[in-house]
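*Asks:* Input file: entry-v4.cif. Contents: mmCIF, C-alpha atoms and all ligand atoms.
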data_target
#
loop_
_atom_site.label_atom_id
_atom_site.label_comp_id
_atom_site.auth_asym_id
_atom_site.auth_seq_id
_atom_site.Cartn_x
_atom_site.Cartn_y
_atom_site.Cartn_z
CA MET G 10 0.00 0.00 0.00
CA LEU G 11 1.31 3.44 -0.97
CA MET G 12 2.14 6.10 1.61
CA LYS G 13 0.09 9.29 1.57
CA PRO G 14 2.13 11.88 -0.34
CA GLN G 15 2.73 15.15 1.49
CA LEU G 16 1.72 17.94 -0.88
CA ASP G 17 1.25 21.65 -0.41
CA LEU G 18 -1.94 22.35 -2.38
CA VAL G 19 -4.43 25.20 -2.52
CA PRO G 20 -7.88 23.93 -1.46
CA LYS G 21 -10.07 22.38 -4.14
CA ALA G 22 -12.56 25.21 -3.71
CA ALA G 23 -9.99 27.57 -5.26
CA TRP G 24 -10.72 25.85 -8.59
CA LYS G 25 -14.45 26.22 -8.35
CA ALA G 26 -16.91 26.78 -5.57
CA HIS G 27 -19.85 24.78 -6.94
CA GLY G 28 -20.49 22.09 -9.51
CA PRO G 29 -18.05 20.10 -11.59
CA LEU G 30 -15.15 21.87 -13.28
CA LEU G 31 -15.54 21.84 -17.07
CA ILE G 32 -12.72 21.92 -19.60
CA ALA G 33 -13.87 21.66 -23.21
CA GLY G 34 -12.43 22.36 -26.61
CA PRO G 35 -10.84 20.62 -29.54
CA CYS G 36 -8.25 17.87 -29.37
CA SER G 37 -6.09 20.12 -31.56
CA ALA G 38 -6.16 23.78 -32.45
CA GLU G 39 -6.21 23.32 -36.23
CA THR G 40 -6.95 26.72 -37.76
CA PRO G 41 -8.19 30.05 -36.38
CA ALA G 42 -11.51 29.43 -38.16
CA GLN G 43 -11.97 25.97 -36.61
CA PHE G 44 -11.00 27.25 -33.17
CA ARG G 45 -13.35 30.20 -33.34
CA ALA G 46 -16.22 28.08 -34.72
CA THR G 47 -15.76 25.65 -31.82
CA LEU G 48 -15.31 28.20 -29.04
CA THR G 49 -18.10 30.59 -30.00
CA PRO G 50 -20.96 28.16 -29.21
CA LEU G 51 -18.90 26.62 -26.39
CA ALA G 52 -18.76 29.98 -24.63
CA GLU G 53 -22.50 29.72 -23.96
CA LEU G 54 -21.86 26.61 -21.86
CA LYS G 55 -19.47 28.65 -19.69
CA PRO G 56 -16.60 26.16 -19.42
CA ASP G 57 -14.02 26.98 -16.77
CA PHE G 58 -11.23 26.52 -19.33
CA VAL G 59 -11.08 25.77 -23.03
CA ARG G 60 -8.55 23.23 -24.20
CA ALA G 61 -6.38 23.22 -27.30
CA GLY G 62 -3.71 20.74 -28.34
CA ILE G 63 -0.84 22.73 -29.83
CA TRP G 64 1.77 19.96 -29.90
CA LYS G 65 0.21 16.51 -30.41
CA PRO G 66 1.91 13.32 -29.26
CA ARG G 67 0.86 10.88 -31.99
CA THR G 68 1.44 7.14 -31.94
CA ARG G 69 2.73 6.98 -35.53
CA PRO G 70 4.70 9.55 -37.53
CA ASN G 71 3.23 11.10 -40.65
CA SER G 72 0.02 11.98 -38.86
CA PHE G 73 -0.90 15.52 -37.89
CA GLU G 74 1.38 16.46 -35.00
CA GLY G 75 -0.23 19.75 -34.08
CA VAL G 76 0.23 23.18 -35.63
CA GLY G 77 2.91 23.87 -33.03
CA VAL G 78 4.11 27.15 -31.64
CA ASP G 79 2.48 29.20 -34.42
CA ALA G 80 -0.98 28.25 -33.12
CA LEU G 81 -0.32 29.71 -29.67
CA ALA G 82 -0.84 33.37 -30.52
CA TRP G 83 -4.19 32.93 -32.28
CA SER G 84 -5.44 30.32 -29.78
CA VAL G 85 -4.80 32.74 -26.92
CA GLU G 86 -6.28 35.65 -28.86
CA ILE G 87 -9.53 33.85 -29.77
CA SER G 88 -10.04 32.40 -26.29
CA ARG G 89 -9.39 35.82 -24.73
CA GLU G 90 -11.86 37.48 -27.09
CA LEU G 91 -14.50 35.08 -25.80
CA GLY G 92 -13.45 35.49 -22.19
CA LEU G 93 -12.35 31.86 -21.85
CA PRO G 94 -9.05 30.93 -20.15
CA LEU G 95 -6.97 28.62 -22.32
CA ALA G 96 -5.54 25.23 -21.29
CA VAL G 97 -2.73 23.63 -23.32
CA GLU G 98 -0.79 20.36 -23.09
CA VAL G 99 2.93 20.75 -22.50
CA ALA G 100 5.49 17.99 -22.96
CA SER G 101 8.75 19.84 -22.31
CA GLY G 102 10.27 22.90 -20.66
CA LYS G 103 10.34 24.55 -24.11
CA HIS G 104 6.59 24.07 -24.48
CA VAL G 105 6.08 25.58 -21.02
CA GLU G 106 8.10 28.68 -21.88
CA ALA G 107 6.33 29.23 -25.20
CA ALA G 108 2.86 28.65 -23.72
CA LEU G 109 3.41 30.97 -20.76
CA LYS G 110 4.93 33.66 -22.97
CA ALA G 111 1.85 33.51 -25.20
CA GLY G 112 -0.49 33.90 -22.20
CA VAL G 113 -1.87 30.39 -21.74
CA SER G 114 -3.72 30.08 -18.39
CA LEU G 115 -3.52 26.40 -17.52
CA LEU G 116 -0.89 23.82 -18.45
CA TRP G 117 -1.47 20.10 -18.41
CA VAL G 118 0.95 17.22 -18.71
CA GLY G 119 -0.20 14.54 -21.15
CA ALA G 120 -0.34 10.82 -20.51
CA ARG G 121 2.64 10.08 -22.71
CA THR G 122 4.74 12.60 -20.80
CA THR G 123 3.75 11.58 -17.27
CA VAL G 124 5.44 8.22 -17.93
CA ASN G 125 8.79 9.94 -18.34
CA PRO G 126 10.32 11.44 -15.17
CA PHE G 127 13.03 13.18 -17.26
CA MET G 128 10.41 15.14 -19.19
CA VAL G 129 8.28 15.79 -16.12
CA GLN G 130 11.35 17.19 -14.34
CA ASP G 131 12.16 19.31 -17.39
CA ILE G 132 8.62 20.74 -17.15
CA ALA G 133 8.92 21.18 -13.37
CA ASP G 134 12.19 23.12 -13.81
CA ALA G 135 10.48 25.42 -16.30
CA VAL G 136 7.54 26.21 -14.00
CA GLN G 137 9.64 27.26 -10.99
CA GLY G 138 8.18 30.50 -9.68
CA VAL G 139 5.09 30.26 -11.89
CA ASN G 140 1.58 30.65 -10.47
CA ASN G 141 -0.48 29.03 -13.22
CA PRO G 142 -2.68 26.07 -12.38
CA MET G 143 -1.55 22.70 -13.70
CA LEU G 144 -3.12 19.30 -14.25
CA VAL G 145 -1.39 15.95 -14.66
CA LYS G 146 -2.91 13.16 -16.72
CA ASN G 147 -2.31 9.61 -15.58
CA PRO G 148 0.55 7.79 -17.30
CA VAL G 149 -0.54 5.48 -20.15
CA ASN G 150 0.38 2.44 -18.06
CA PRO G 151 -1.59 1.71 -14.88
CA ASP G 152 1.09 2.90 -12.47
CA LEU G 153 -0.22 5.07 -9.65
CA GLU G 154 3.24 5.85 -8.27
CA LEU G 155 4.37 7.28 -11.59
CA TRP G 156 1.26 9.50 -11.63
CA ILE G 157 1.89 10.66 -8.06
CA GLY G 158 5.59 11.14 -8.82
CA ALA G 159 4.78 13.63 -11.60
CA ILE G 160 2.38 15.48 -9.30
CA GLU G 161 5.07 15.61 -6.60
CA ARG G 162 7.67 17.00 -9.01
CA LEU G 163 5.40 19.89 -10.00
CA ASN G 164 4.40 20.56 -6.41
CA LYS G 165 8.07 20.63 -5.38
CA ALA G 166 8.61 23.21 -8.12
CA GLY G 167 6.05 25.40 -6.37
CA ILE G 168 2.83 24.62 -8.29
CA ARG G 169 0.12 24.64 -5.63
CA LYS G 170 -3.00 24.85 -7.78
CA LEU G 171 -2.50 21.34 -8.97
CA GLY G 172 -4.85 18.55 -9.97
CA ALA G 173 -5.06 15.24 -11.81
CA ILE G 174 -6.87 14.05 -14.93
CA HIS G 175 -7.93 10.44 -15.31
CA ARG G 176 -7.85 9.49 -19.02
CA GLY G 177 -7.69 5.71 -18.74
CA PHE G 178 -4.88 3.23 -19.36
CA SER G 179 -3.77 1.57 -22.56
CA GLY G 180 -3.90 -2.20 -22.79
CA TYR G 181 -3.16 -4.84 -25.35
CA GLU G 182 -6.47 -6.59 -24.99
CA LYS G 183 -9.44 -5.46 -27.06
CA SER G 184 -12.03 -3.50 -25.13
CA ILE G 185 -14.89 -1.18 -25.89
CA PHE G 186 -12.79 1.59 -24.38
CA ARG G 187 -9.83 3.21 -26.13
CA ASN G 188 -8.17 3.41 -22.72
CA HIS G 189 -9.44 1.18 -19.98
CA PRO G 190 -10.84 3.22 -17.08
CA ASN G 191 -9.52 1.01 -14.22
CA TRP G 192 -11.52 3.25 -11.90
CA GLU G 193 -9.87 1.65 -8.86
CA ILE G 194 -6.65 3.53 -9.67
CA PRO G 195 -8.03 7.10 -9.56
CA ILE G 196 -10.14 6.03 -6.57
CA GLU G 197 -6.92 5.07 -4.78
CA LEU G 198 -5.40 8.41 -5.80
CA LYS G 199 -8.43 10.10 -4.24
CA ARG G 200 -7.97 8.11 -1.05
CA LEU G 201 -4.32 9.17 -0.85
CA LEU G 202 -4.92 12.79 -1.87
CA PRO G 203 -8.52 13.61 -0.92
CA ASP G 204 -7.93 17.36 -1.10
CA MET G 205 -6.55 17.38 -4.63
CA LEU G 206 -8.75 18.17 -7.63
CA LEU G 207 -9.39 15.05 -9.70
CA ILE G 208 -11.22 15.30 -13.01
CA ALA G 209 -11.98 12.73 -15.70
CA ASP G 210 -11.39 12.81 -19.45
CA PRO G 211 -14.24 10.67 -20.84
CA SER G 212 -13.13 11.45 -24.41
CA HIS G 213 -9.79 9.67 -24.18
CA ILE G 214 -11.21 6.87 -22.02
CA SER G 215 -14.00 6.22 -24.55
CA GLY G 216 -12.26 6.84 -27.86
CA ASN G 217 -15.76 6.87 -29.30
CA ARG G 218 -18.23 9.73 -29.06
CA LEU G 219 -21.14 7.37 -28.34
CA LEU G 220 -19.55 6.30 -25.05
CA VAL G 221 -18.63 9.78 -23.85
CA PRO G 222 -21.90 10.69 -22.04
CA GLU G 223 -22.10 7.41 -20.13
CA THR G 224 -18.43 7.59 -19.12
CA ALA G 225 -18.90 11.18 -17.96
CA GLN G 226 -21.84 10.07 -15.81
CA VAL G 227 -19.81 7.26 -14.23
CA ALA G 228 -17.07 9.77 -13.39
CA LEU G 229 -19.52 12.10 -11.66
CA ASP G 230 -21.09 9.18 -9.81
CA LEU G 231 -17.60 8.31 -8.57
CA ASP G 232 -17.33 11.83 -7.15
CA PHE G 233 -14.88 13.24 -9.69
CA ASP G 234 -14.52 17.00 -9.44
CA GLY G 235 -14.95 17.74 -13.11
CA LEU G 236 -14.66 16.74 -16.75
CA MET G 237 -12.41 17.42 -19.71
CA ILE G 238 -14.34 16.76 -22.92
CA GLU G 239 -13.01 17.12 -26.45
CA THR G 240 -15.32 19.34 -28.45
CA HIS G 241 -15.03 20.24 -32.14
CA CYS G 242 -17.18 22.25 -34.55
CA ASP G 243 -16.94 19.43 -37.11
CA PRO G 244 -15.86 16.28 -35.24
CA GLU G 245 -15.95 13.90 -38.24
CA ASN G 246 -13.38 16.01 -40.02
CA ALA G 247 -11.14 16.74 -37.04
CA TRP G 248 -7.41 16.45 -37.73
CA SER G 249 -6.91 14.30 -34.61
CA ASP G 250 -9.17 12.09 -32.48
CA ALA G 251 -12.10 12.48 -34.90
CA ARG G 252 -14.01 9.48 -33.50
CA GLN G 253 -14.26 10.75 -29.95
CA GLN G 254 -14.94 14.48 -30.34
CA ILE G 255 -18.43 15.91 -29.97
CA THR G 256 -19.98 19.16 -31.16
CA PRO G 257 -20.59 22.01 -28.73
CA ALA G 258 -24.32 21.33 -29.17
CA SER G 259 -23.85 17.68 -28.14
CA LEU G 260 -21.80 18.82 -25.17
CA GLY G 261 -24.67 21.10 -24.16
CA GLU G 262 -27.04 18.15 -24.35
CA LEU G 263 -24.63 15.90 -22.46
CA LEU G 264 -24.34 18.45 -19.64
CA GLN G 265 -28.13 18.81 -19.48
CA ASN G 266 -28.66 15.06 -19.32
CA LEU G 267 -26.06 14.41 -16.65
CA ILE G 268 -27.45 13.56 -13.26
CA TYR G 269 -25.64 15.61 -10.65
CA ARG G 270 -25.82 13.44 -7.57
CA ARG G 271 -25.01 14.70 -4.08
CA PRO G 272 -22.23 13.06 -2.12
CA GLN G 273 -24.34 13.19 1.05
CA THR G 274 -27.74 14.13 2.41
CA ASP G 275 -29.36 15.01 5.74
CA ASP G 276 -32.33 12.73 5.00
CA VAL G 277 -32.71 10.73 8.23
CA VAL G 278 -34.49 7.75 6.68
CA PHE G 279 -31.93 7.40 3.90
CA ASN G 280 -29.00 7.73 6.33
CA ALA G 281 -30.46 5.13 8.69
CA ARG G 282 -30.99 2.68 5.82
CA LEU G 283 -27.46 3.26 4.52
CA GLU G 284 -26.01 2.82 8.02
CA ALA G 285 -27.87 -0.48 8.49
CA LEU G 286 -26.65 -1.80 5.15
CA ARG G 287 -23.11 -0.70 5.94
CA ARG G 288 -23.22 -2.51 9.26
CA ASP G 289 -24.27 -5.65 7.40
CA ILE G 290 -21.35 -5.19 5.02
CA ASP G 291 -18.98 -4.72 7.95
CA GLY G 292 -20.25 -8.01 9.37
CA VAL G 293 -19.80 -9.82 6.07
CA ASP G 294 -16.26 -8.39 5.68
CA ALA G 295 -15.35 -9.59 9.17
CA ALA G 296 -16.65 -13.07 8.37
CA LEU G 297 -14.82 -13.06 5.02
CA LEU G 298 -11.55 -12.14 6.73
CA ASP G 299 -11.99 -14.97 9.25
CA LEU G 300 -12.61 -17.39 6.41
CA LEU G 301 -9.65 -16.08 4.43
CA ALA G 302 -7.39 -16.50 7.45
CA LYS G 303 -8.63 -20.09 7.77
CA ARG G 304 -8.01 -20.70 4.07
CA LEU G 305 -4.48 -19.30 4.34
CA ALA G 306 -3.75 -21.53 7.35
CA LEU G 307 -4.95 -24.54 5.36
CA THR G 308 -2.77 -23.69 2.37
CA SER G 309 0.21 -23.46 4.73
CA GLU G 310 -0.59 -26.93 6.00
CA VAL G 311 -0.83 -28.18 2.43
CA GLY G 312 2.56 -26.56 1.81
CA ALA G 313 4.06 -28.39 4.78
CA VAL G 314 2.74 -31.75 3.57
CA LYS G 315 4.02 -31.15 0.04
CA LYS G 316 7.41 -30.10 1.34
CA ASP G 317 7.76 -33.17 3.57
CA ASN G 318 6.93 -35.38 0.62
CA ASP G 319 8.88 -33.46 -2.05
CA ILE G 320 5.78 -32.74 -4.08
CA THR G 321 5.64 -29.77 -6.50
CA ILE G 322 3.85 -26.64 -5.33
CA LEU G 323 1.83 -26.15 -8.50
CA GLN G 324 -0.74 -28.85 -9.08
CA PRO G 325 -2.33 -27.88 -12.42
CA GLU G 326 -5.13 -30.43 -12.20
CA ARG G 327 -6.17 -29.31 -8.73
CA TRP G 328 -6.04 -25.67 -9.85
CA ALA G 329 -8.16 -26.42 -12.95
CA GLU G 330 -10.66 -28.25 -10.78
CA ILE G 331 -10.84 -25.33 -8.31
CA VAL G 332 -11.51 -22.84 -11.12
CA GLU G 333 -14.13 -25.05 -12.74
CA SER G 334 -16.04 -25.94 -9.59
CA ARG G 335 -15.95 -22.39 -8.13
CA LEU G 336 -17.09 -20.87 -11.42
CA GLN G 337 -19.96 -23.31 -11.52
CA LYS G 338 -21.00 -22.53 -7.97
CA SER G 339 -20.58 -18.75 -8.33
CA GLY G 340 -22.45 -18.87 -11.65
CA SER G 341 -25.44 -20.40 -9.95
CA LEU G 342 -25.21 -17.56 -7.41
CA GLY G 343 -25.35 -15.03 -10.24
CA MET G 344 -21.78 -13.82 -9.81
CA ASP G 345 -19.66 -12.33 -12.59
CA PRO G 346 -17.17 -15.00 -13.80
CA THR G 347 -14.46 -12.41 -14.54
CA PHE G 348 -14.61 -11.17 -10.96
CA VAL G 349 -14.60 -14.70 -9.55
CA THR G 350 -11.67 -15.72 -11.78
CA ARG G 351 -9.65 -12.71 -10.66
CA LEU G 352 -10.45 -13.43 -7.03
CA LEU G 353 -9.45 -17.09 -7.38
CA GLN G 354 -6.22 -16.12 -9.13
CA LEU G 355 -5.41 -13.77 -6.28
CA LEU G 356 -6.07 -16.47 -3.68
CA HIS G 357 -4.13 -19.08 -5.63
CA GLN G 358 -1.16 -16.74 -6.10
CA GLU G 359 -1.13 -16.00 -2.37
CA SER G 360 -1.01 -19.67 -1.47
CA ILE G 361 1.74 -20.25 -4.05
CA ASN G 362 3.73 -17.36 -2.54
CA THR G 363 3.31 -18.83 0.94
CA GLN G 364 4.39 -22.28 -0.17
CA VAL G 365 7.36 -20.98 -2.17
CA LYS G 366 8.53 -19.14 0.94
CA MET G 367 8.13 -22.28 3.07
CA PHE G 368 10.15 -24.35 0.58
CA GLN G 369 12.88 -21.69 0.46
CA GLU G 370 13.08 -21.49 4.24
CA ALA G 371 13.29 -25.26 4.50
CA ARG G 372 16.16 -25.30 1.98
CA LEU G 373 17.93 -22.53 3.87
CA ASN G 374 17.58 -24.36 7.18
CA ALA G 375 18.77 -27.61 5.62
CA SER G 376 21.88 -25.96 4.20
CA LYS G 377 22.56 -24.32 7.59
CA THR G 378 22.39 -27.65 9.41
CA ALA G 379 24.62 -29.21 6.78
CA GLU G 380 27.33 -26.58 7.39
C1 LIG G 401 -5.14 15.00 -25.52
O1 LIG G 401 -5.63 15.43 -24.47
O2 LIG G 401 -5.49 15.35 -26.64
C2 LIG G 401 -4.12 13.93 -25.41
C3 LIG G 401 -3.09 13.84 -26.22
O3 LIG G 401 -4.44 13.08 -24.47
P1 LIG G 401 -3.60 11.99 -23.64
O4 LIG G 401 -2.43 12.70 -23.05
O5 LIG G 401 -4.61 11.58 -22.63
O6 LIG G 401 -3.25 10.88 -24.58
MN MN G 402 -7.10 14.07 -28.16
#
Take the structure in the file and give it back as structure tokens.

*Replies:*
Amino acid sequence: MLMKPQLDLVPKAAWKAHGPLLIAGPCSAETPAQFRATLTPLAELKPDFVRAGIWKPRTRPNSFEGVGVDALAWSVEISRELGLPLAVEVASGKHVEAALKAGVSLLWVGARTTVNPFMVQDIADAVQGVNNPMLVKNPVNPDLELWIGAIERLNKAGIRKLGAIHRGFSGYEKSIFRNHPNWEIPIELKRLLPDMLLIADPSHISGNRLLVPETAQVALDLDFDGLMIETHCDPENAWSDARQQITPASLGELLQNLIYRRPQTDDVVFNARLEALRRDIDGVDAALLDLLAKRLALTSEVGAVKKDNDITILQPERWAEIVESRLQKSGSLGMDPTFVTRLLQLLHQESINTQVKMFQEARLNASKTAE
């Protein structure tokens, strides 16, 4: 379990007093006309910041890699004209300098940069003494420490208005998501840093505009503090991330249809019901832990018997039988087989670890007595 990082942050309320923070705008600032056509209707939705990709980290070369530094001046000018503070992705100290010189309000570190402590440190060195707010996207791989490390580097450089963006994690396996949400990871970040702003990027999680509204709703239901949503005047013809961008009108609809749930209520009946259910869960957890302790003790005994008889730890047939029988039983109880498989794998791995340790200790003791 990770240690709580010690950060010096301005309170979350400094970002926004009420309601979720909204950052919207195109994946890339393509042309002044495209940017203006996107931002003009967006302004009516009163986003807290508008986003624009100036330098685009693309997976393959020979695709549009952003207009680059030349887009900064007109992006700032158009967003200022509409009274909207501009947010831009930076991937190096050079980007930071150019963006700040042009008058960009918020800087964010992209997922492909958070993975690289050299680049994050280069950015941190460039923001020394700067007061602009900054956001850090999760690294592309599901590594919470790397995410926290990038946040720590910026905080050490003096950035106190600092938050995180969850944009999902890349994986090799096919999924309906472009980047798997692995919600447990940002939830753990929230547990470790409850006072830090944490927003979600449903566009990059989904990779598909049809999934964006539902993903945004899940994020709000998980108590995220805001949303970053890619918005384009003509999404189908966008120069990057065309499949996931939505029009400003669709964003308006999405925001209207979102259900803004409260984290808590004073309703006595509801609170009593919730309390009762939570007490039941506490009881079940206590019973589960007792059972798990019993199971672990049994696997140790099995380990001892195997060791005394020089029998291999892994018994593939027994393991196959466990998976099959437990899946059958849990299926009849209406449980999700993926969850049950993961749980069984975790239990099995734990008993293997225990038995490997026992075998190693026995070998060590034997060699000591032989000396
Ligand atoms: C982006 O926000 O357009 C972007 C490049 O996203 P990510 O860093 O999440 O890949
Ligand atoms: Mn994008």

*Asks:* Compile a residue-level contact table for chain G against ligand LIG 401 (chain G) at a cut-off of 9 Å, reporting for every qualifying residue the shortest atom pair and its distance in Å to one decimal, with all atoms listed in the file counted, rows ordered by chain and ascending number, as a tab-separated table.

*Replies:*
residue	atom	partner	partner_atom	distance
G:Pro35	CA	G:LIG401	O2	8.1
G:Cys36	CA	G:LIG401	O2	4.6
G:Ser37	CA	G:LIG401	O2	6.9
G:Arg60	CA	G:LIG401	O1	8.3
G:Ala61	CA	G:LIG401	O2	7.9
G:Gly62	CA	G:LIG401	O2	5.9
G:Trp64	CA	G:LIG401	C3	8.6
G:Lys65	CA	G:LIG401	C3	6.0
G:Pro66	CA	G:LIG401	C3	5.9
G:Arg67	CA	G:LIG401	C3	7.6
G:Val97	CA	G:LIG401	O1	8.8
G:Glu98	CA	G:LIG401	O1	7.0
G:Trp117	CA	G:LIG401	O1	8.7
G:Val118	CA	G:LIG401	O4	7.1
G:Gly119	CA	G:LIG401	O4	3.5
G:Ala120	CA	G:LIG401	O4	3.8
G:Arg121	CA	G:LIG401	O4	5.7
G:Thr122	CA	G:LIG401	O4	7.5
G:Thr123	CA	G:LIG401	O4	8.5
G:Lys146	CA	G:LIG401	O5	6.3
G:Asn147	CA	G:LIG401	O5	7.7
G:Pro148	CA	G:LIG401	O4	8.1
G:Val149	CA	G:LIG401	O6	7.5
G:Ile174	CA	G:LIG401	O5	8.4
G:His175	CA	G:LIG401	O5	8.1
G:Arg176	CA	G:LIG401	O5	5.3
G:Gly177	CA	G:LIG401	O5	7.7
G:Phe178	CA	G:LIG401	O5	9.0
G:Asn188	CA	G:LIG401	O5	8.9
G:Asp210	CA	G:LIG401	O5	7.6
G:Ser212	CA	G:LIG401	O1	8.5
G:His213	CA	G:LIG401	O5	5.7
G:Ile214	CA	G:LIG401	O5	8.1
G:Met237	CA	G:LIG401	O1	8.5
G:Ile238	CA	G:LIG401	O1	8.9
G:Glu239	CA	G:LIG401	O2	7.7
G:Ser249	CA	G:LIG401	O2	8.2
G:Asp250	CA	G:LIG401	O2	7.6

*Asks:* Rank nothing, just name the residue among G:Ile208, G:Leu300, G:Ile87, G:Ala247 nearest to ligand MN 402 (chain G), using only C-alpha atoms and all ligand atoms.

*Replies:*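 Among the listed residues, G:Ala247 lies closest to ligand MN 402 (chain G).
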
*Asks:* Got a sec: who's within 8 Å of Leu163 in chain G, counting only C-alpha atoms, leaving out chain neighbours fewer than 4 positions off, as a list in words?

*Replies:*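 What passes the distance filter is Val129, Gln130, Ile132, Ala133, Val136, Ala159, Gly167 and Ile168 of chain G.
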
*Asks:* G:Leu231, G:Ala302, G:Ala173, G:Ile255: which is nearest ligand MN 402 (chain G), counting all atoms listed in the file?

*Replies:*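 So, comparing all the options, the nearest one is G:Ile255.
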
*Asks:* Which residues are close to Leu267 in chain G, i.e. within 8 Å by all atoms listed in the file, leaving aside same-chain residues fewer than 2 positions away? Reply as a ChimeraX atom specification.

*Replies:* /G:222,225-226,263-265,269

*Asks:* So, with all atoms listed in the file as the atoms that count, which of G:Ile160, G:Asp289, G:Thr240, G:His104 lies closest to ligand MN 402 (chain G)?

*Replies:*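 Among the listed residues, G:Thr240 lies closest to ligand MN 402 (chain G).
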